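**Q** My structure is below; once you've seen it, I'll send some questions.
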Amino acid sequence: LAEQGVEVCEVFFNTWSELEEPILRRLLKIKDEYAIHVPAVHPFFSFAEHYLLFSEYERRFYDALDLFEKYFEAAQALGAKILIIHGAKANTPVDDKLYFERFAKLMERGKPYGVRVAQENVVHYLSESPGFLAAMGEYIGDDFSVVLDIKQALRAGRCVNEYIETLPESIVHVHLSDYTPAKDCVPPGEGEFDFKQFFKRMEEIKYGGEYIVELYRHSFTDEKSPARSADFLSKYLHKNMQIGTAQRLCFVLQLKIFMLLFNQILLYYVITA
């Protein structure tokens, strides 16, 4: 991947050994040799975060904090500033205040490593609700961070603008995708999502993080599809957005294309702000 020109990479860990030697050392060697930027990392046990972090069993929660130290250490080593969390499932019997308190404590664990813990909006999870996220932000304060995922918003039956309008100052990372009447996740440019309006609104709230296109293996039809999508985004932004600052020009020119194949997920090609 590095030899193909990969310059920006979000790392999705899939097992414990990837957080330790020798695999982590190999990742670091590739990152340093090719000057790859890693903005964020993703834990592999999102499916169990409700059980580990947000159950009523307090001892398990504190043990889980120690487990997350491994992620924070790996993120720090890779230079990543964001750890992405799915959180508790929607049917988890957890009080909102307890959830917010637990999340805040996890955030505190990440701070010594220079890593912020960010809540992603995910369908069938408490975080699918903009209202829940707003309450979470009100409780936690200015440190609250959100990863906005377009396909997850659509799967939850939500308009993406609901999250933007509710959390304009909390969004620190974005996962892009497109949709059609038949599929809720296709490459940008192959569906009906209004990218013109989306990028316009993100510019208005002065969003300054990365835009990462997250696709699954079944989301595209051929190996050239991601490249076409990246070309679409680059031309679309340049054509439809008013480029009035050096930052916006840099945003367009620093379009990076890459693919990381991890199990079921094809991650990611990135537009760097």
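Letters A, B, ... go to the chains of the structure tokens in the order shown; residues in each chain start at 1; ligands are counted from 1 in the same order.
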If we count only C-alpha atoms and set the cut-off at 9 Å, which residues sit around range 148-164 of chain A, ignoring sequence neighbours fewer than 4 positions away in its own chain? Please answer as a ChimeraX atom specification.

**A** /A:119-124,128-131,133-134,168-179,184-185,198,201-202,205,214

**Q** Create the file for the chosen residues now, containing N, CA, C and O atoms and written as a short mmCIF file (atom, residue, chain, number, x, y, z; two decimals), in the first residue's frame.

**A**
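So out_24.cif came out as:
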```cif
data_model
loop_
_atom_site.label_atom_id
_atom_site.label_comp_id
_atom_site.auth_asym_id
_atom_site.auth_seq_id
_atom_site.Cartn_x
_atom_site.Cartn_y
_atom_site.Cartn_z
N GLN A 119 -16.99 9.61 19.84
CA GLN A 119 -18.19 8.79 19.71
C GLN A 119 -18.69 8.82 18.27
O GLN A 119 -19.00 9.88 17.73
N GLU A 120 -18.78 7.66 17.64
CA GLU A 120 -19.32 7.58 16.28
C GLU A 120 -20.83 7.33 16.34
O GLU A 120 -21.32 6.61 17.20
N ASN A 121 -21.56 7.96 15.43
CA ASN A 121 -23.00 7.65 15.31
C ASN A 121 -23.13 6.31 14.59
O ASN A 121 -22.61 6.11 13.50
N VAL A 122 -23.82 5.35 15.23
CA VAL A 122 -23.93 3.99 14.69
C VAL A 122 -25.37 3.49 14.86
O VAL A 122 -25.95 3.60 15.94
N VAL A 123 -25.93 2.95 13.79
CA VAL A 123 -27.29 2.44 13.83
C VAL A 123 -27.41 1.30 14.84
O VAL A 123 -26.48 0.52 15.04
N HIS A 124 -28.53 1.25 15.52
CA HIS A 124 -28.83 0.25 16.56
C HIS A 124 -28.02 0.48 17.84
O HIS A 124 -28.03 -0.37 18.73
N GLU A 128 -27.00 6.48 17.66
CA GLU A 128 -27.70 6.77 16.42
C GLU A 128 -28.59 8.00 16.57
O GLU A 128 -29.02 8.60 15.59
N SER A 129 -28.88 8.39 17.81
CA SER A 129 -29.77 9.51 18.08
C SER A 129 -29.00 10.82 18.24
O SER A 129 -28.15 10.95 19.14
N PRO A 130 -29.27 11.83 17.40
CA PRO A 130 -28.64 13.14 17.60
C PRO A 130 -28.96 13.73 18.97
O PRO A 130 -28.12 14.42 19.56
N GLY A 131 -30.15 13.45 19.47
CA GLY A 131 -30.51 13.95 20.78
C GLY A 131 -29.65 13.37 21.88
O GLY A 131 -29.26 14.07 22.82
N LEU A 133 -26.61 12.24 21.49
CA LEU A 133 -25.28 12.82 21.33
C LEU A 133 -25.24 14.25 21.87
O LEU A 133 -24.24 14.67 22.47
N ALA A 134 -26.33 15.00 21.65
CA ALA A 134 -26.38 16.37 22.16
C ALA A 134 -26.34 16.37 23.69
O ALA A 134 -25.63 17.20 24.30
N PRO A 168 -22.44 20.96 15.67
CA PRO A 168 -21.52 21.64 14.74
C PRO A 168 -20.09 21.78 15.23
O PRO A 168 -19.16 21.81 14.43
N GLU A 169 -19.91 21.88 16.54
CA GLU A 169 -18.56 22.10 17.07
C GLU A 169 -17.92 20.83 17.60
O GLU A 169 -16.78 20.86 18.05
N SER A 170 -18.65 19.71 17.55
CA SER A 170 -18.14 18.47 18.13
C SER A 170 -17.61 17.49 17.09
O SER A 170 -16.90 16.54 17.45
N ILE A 171 -17.94 17.68 15.81
CA ILE A 171 -17.53 16.74 14.77
C ILE A 171 -16.04 16.91 14.47
O ILE A 171 -15.59 18.00 14.08
N VAL A 172 -15.26 15.85 14.65
CA VAL A 172 -13.81 15.92 14.46
C VAL A 172 -13.31 14.99 13.37
O VAL A 172 -12.13 15.03 13.01
N HIS A 173 -14.21 14.16 12.82
CA HIS A 173 -13.79 13.13 11.88
C HIS A 173 -15.03 12.71 11.10
O HIS A 173 -16.12 12.64 11.68
N VAL A 174 -14.90 12.43 9.79
CA VAL A 174 -16.06 12.10 8.97
C VAL A 174 -15.79 10.89 8.10
O VAL A 174 -14.74 10.80 7.45
N HIS A 175 -16.75 9.96 8.07
CA HIS A 175 -16.73 8.82 7.15
C HIS A 175 -17.74 9.07 6.04
O HIS A 175 -18.94 9.18 6.30
N LEU A 176 -17.25 9.14 4.81
CA LEU A 176 -18.10 9.42 3.65
C LEU A 176 -18.52 8.14 2.94
O LEU A 176 -17.79 7.15 2.92
N SER A 177 -19.68 8.19 2.33
CA SER A 177 -20.16 7.14 1.43
C SER A 177 -21.36 7.72 0.69
O SER A 177 -21.79 8.83 0.96
N ASP A 178 -21.89 6.97 -0.26
CA ASP A 178 -23.04 7.39 -1.05
C ASP A 178 -24.13 6.33 -0.88
O ASP A 178 -23.92 5.32 -0.19
N TYR A 179 -25.28 6.54 -1.52
CA TYR A 179 -26.35 5.55 -1.42
C TYR A 179 -27.22 5.60 -2.67
O TYR A 179 -27.25 6.60 -3.41
N ASP A 184 -27.41 1.05 0.66
CA ASP A 184 -27.16 2.19 1.55
C ASP A 184 -25.69 2.54 1.68
O ASP A 184 -25.32 3.44 2.44
N CYS A 185 -24.84 1.86 0.93
CA CYS A 185 -23.41 2.18 0.97
C CYS A 185 -22.76 1.87 -0.37
O CYS A 185 -22.50 0.71 -0.71
N PHE A 198 -23.75 19.05 1.44
CA PHE A 198 -23.03 18.53 2.60
C PHE A 198 -21.73 19.30 2.82
O PHE A 198 -21.45 19.80 3.92
N ARG A 201 -22.25 22.88 3.94
CA ARG A 201 -22.59 23.02 5.37
C ARG A 201 -21.38 22.75 6.25
O ARG A 201 -21.18 23.44 7.27
N MET A 202 -20.55 21.78 5.88
CA MET A 202 -19.35 21.50 6.66
C MET A 202 -18.38 22.67 6.60
O MET A 202 -17.69 22.97 7.58
N ILE A 205 -19.58 25.36 9.07
CA ILE A 205 -19.27 25.12 10.49
C ILE A 205 -17.76 25.07 10.74
O ILE A 205 -17.32 24.78 11.84
N GLU A 214 -15.35 5.40 3.62
CA GLU A 214 -15.36 4.06 4.19
C GLU A 214 -16.34 3.19 3.39
O GLU A 214 -17.54 3.47 3.34
#
```

**Q** Within 12 Å of Trp16 in chain A, counting only C-alpha atoms, which residues qualify if same-chain residues fewer than 4 places away don't, as a list of chain:residue names?

**A**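 The filter keeps A:Phe12, A:Glu20, A:Glu21, A:Pro22, A:Ile23, A:Leu24, A:Pro43, A:Phe44, A:Phe45, A:Leu67, A:Phe68, A:Glu69, A:Lys70, A:Tyr71, A:Ala74.
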
**Q** When distances are computed from only C-alpha atoms, which of A:Ala135, A:Ile140, A:Glu203, A:His37 shows the smallest separation from Lys105 in chain A?

**A**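 Among the listed residues, A:Ile140 lies closest to Lys105 in chain A.
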
**Q** Among range 32-154 of chain A, which ones does DSSP place in strand (DSSP E or B), written as a list in words?

**A**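 For range 32-154 of chain A, the strand (DSSP E or B) set is His37, Ala40, Val41, His42, Ile82, Leu83, Ile84, Ile85, Lys89, Arg116, Val117, Ala118, Gln119, Glu120, Tyr125, Val146, Val147, Leu148 and Asp149 of chain A.
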
**Q** Fewer than 3 positions away in the same chain doesn't count, so skip those; otherwise give me all residues within 9 Å of Phe144 in chain A, counting only C-alpha atoms, as number ranges by chain.

**A** A: 104, 107, 116-119, 136-141, 170-171

**Q** Go ahead and save the residues from that selection, with C-alpha atoms, as a compact mmCIF listing (two decimals), in the first residue's frame.

**A**
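File result08.txt, as written:
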```
# COMPACT_ATOMS: atom_id res chain seq x y z
CA ALA A 104 -15.68 10.79 30.24
CA MET A 107 -11.55 10.11 27.62
CA ARG A 116 -9.15 11.94 22.13
CA VAL A 117 -11.93 9.39 22.37
CA ALA A 118 -14.63 10.14 19.79
CA GLN A 119 -18.19 8.79 19.71
CA MET A 136 -23.72 13.63 25.87
CA GLY A 137 -21.99 16.77 24.64
CA GLU A 138 -23.81 18.93 27.17
CA TYR A 139 -22.66 16.66 30.00
CA ILE A 140 -19.05 16.24 28.87
CA GLY A 141 -18.45 19.76 27.61
CA SER A 170 -18.14 18.47 18.13
CA ILE A 171 -17.53 16.74 14.77
```

**Q** So which residues touch Leu98 in chain A within 10 Å, counting only C-alpha atoms, skipping near sequence neighbours fewer than 6 positions away, as a list in words?

**A**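 Residues meeting the cut-off are Phe54, Ser55, Glu56 and Ala104 of chain A.
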
**Q** So which bits of range 33-91 of chain A end up alpha helix (DSSP H) when you DSSP the backbone, as a short mmCIF file (atom, residue, chain, number, x, y, z; two decimals) with N, CA and C atoms, in the first residue's frame?

**A**
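Below is the file that was written, out_30.cif:
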```cif
data_model
loop_
_atom_site.label_atom_id
_atom_site.label_comp_id
_atom_site.auth_asym_id
_atom_site.auth_seq_id
_atom_site.Cartn_x
_atom_site.Cartn_y
_atom_site.Cartn_z
N GLU A 33 8.87 5.07 7.22
CA GLU A 33 9.63 5.01 5.97
C GLU A 33 8.93 5.75 4.85
N TYR A 34 7.60 5.69 4.82
CA TYR A 34 6.84 6.31 3.74
C TYR A 34 6.11 7.57 4.17
N GLU A 49 -18.36 -3.28 23.40
CA GLU A 49 -18.13 -2.09 24.21
C GLU A 49 -19.25 -1.84 25.22
N HIS A 50 -20.48 -2.19 24.84
CA HIS A 50 -21.59 -2.02 25.78
C HIS A 50 -21.40 -2.91 27.00
N TYR A 51 -20.85 -4.09 26.79
CA TYR A 51 -20.63 -5.06 27.87
C TYR A 51 -19.42 -4.67 28.73
N LEU A 52 -18.37 -4.21 28.08
CA LEU A 52 -17.14 -3.89 28.80
C LEU A 52 -17.20 -2.55 29.53
N LEU A 53 -17.80 -1.57 28.88
CA LEU A 53 -17.72 -0.20 29.39
C LEU A 53 -19.00 0.32 30.04
N GLU A 58 -19.33 -2.57 37.78
CA GLU A 58 -18.31 -1.53 37.82
C GLU A 58 -16.89 -2.08 37.70
N ARG A 59 -16.62 -3.22 38.32
CA ARG A 59 -15.27 -3.77 38.28
C ARG A 59 -14.84 -4.08 36.85
N ARG A 60 -15.79 -4.59 36.05
CA ARG A 60 -15.48 -4.89 34.65
C ARG A 60 -15.11 -3.61 33.89
N PHE A 61 -15.80 -2.53 34.21
CA PHE A 61 -15.51 -1.26 33.55
C PHE A 61 -14.07 -0.82 33.80
N TYR A 62 -13.64 -0.88 35.06
CA TYR A 62 -12.27 -0.44 35.36
C TYR A 62 -11.23 -1.39 34.77
N ASP A 63 -11.55 -2.65 34.70
CA ASP A 63 -10.64 -3.58 34.01
C ASP A 63 -10.58 -3.24 32.51
N ALA A 64 -11.71 -2.86 31.93
CA ALA A 64 -11.76 -2.50 30.51
C ALA A 64 -10.93 -1.25 30.23
N LEU A 65 -10.92 -0.31 31.18
CA LEU A 65 -10.08 0.88 31.00
C LEU A 65 -8.62 0.48 30.84
N ASP A 66 -8.21 -0.51 31.61
CA ASP A 66 -6.83 -1.00 31.48
C ASP A 66 -6.61 -1.64 30.12
N LEU A 67 -7.61 -2.34 29.61
CA LEU A 67 -7.50 -2.93 28.27
C LEU A 67 -7.32 -1.85 27.21
N PHE A 68 -8.04 -0.75 27.36
CA PHE A 68 -7.97 0.33 26.37
C PHE A 68 -6.62 1.04 26.39
N GLU A 69 -5.88 0.88 27.47
CA GLU A 69 -4.54 1.46 27.50
C GLU A 69 -3.70 0.97 26.32
N LYS A 70 -3.91 -0.29 25.92
CA LYS A 70 -3.16 -0.84 24.79
C LYS A 70 -3.48 -0.08 23.51
N TYR A 71 -4.73 0.28 23.33
CA TYR A 71 -5.11 1.06 22.16
C TYR A 71 -4.50 2.45 22.20
N PHE A 72 -4.53 3.07 23.36
CA PHE A 72 -3.96 4.40 23.49
C PHE A 72 -2.45 4.38 23.22
N GLU A 73 -1.78 3.35 23.71
CA GLU A 73 -0.35 3.23 23.47
C GLU A 73 -0.06 3.06 21.99
N ALA A 74 -0.85 2.20 21.33
CA ALA A 74 -0.65 1.97 19.90
C ALA A 74 -0.97 3.23 19.10
N ALA A 75 -2.04 3.92 19.48
CA ALA A 75 -2.41 5.15 18.79
C ALA A 75 -1.31 6.19 18.93
N GLN A 76 -0.78 6.34 20.14
CA GLN A 76 0.30 7.30 20.36
C GLN A 76 1.52 6.95 19.51
N ALA A 77 1.85 5.67 19.46
CA ALA A 77 3.01 5.24 18.67
C ALA A 77 2.82 5.57 17.19
N LEU A 78 1.59 5.43 16.70
CA LEU A 78 1.29 5.69 15.30
C LEU A 78 1.06 7.17 15.01
#
```

**Q** Grab the CA of Val11 in chain A to CA of Val213 in chain A distance for me, in Å with one decimal place.

**A**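 The value is 13.3 Å.
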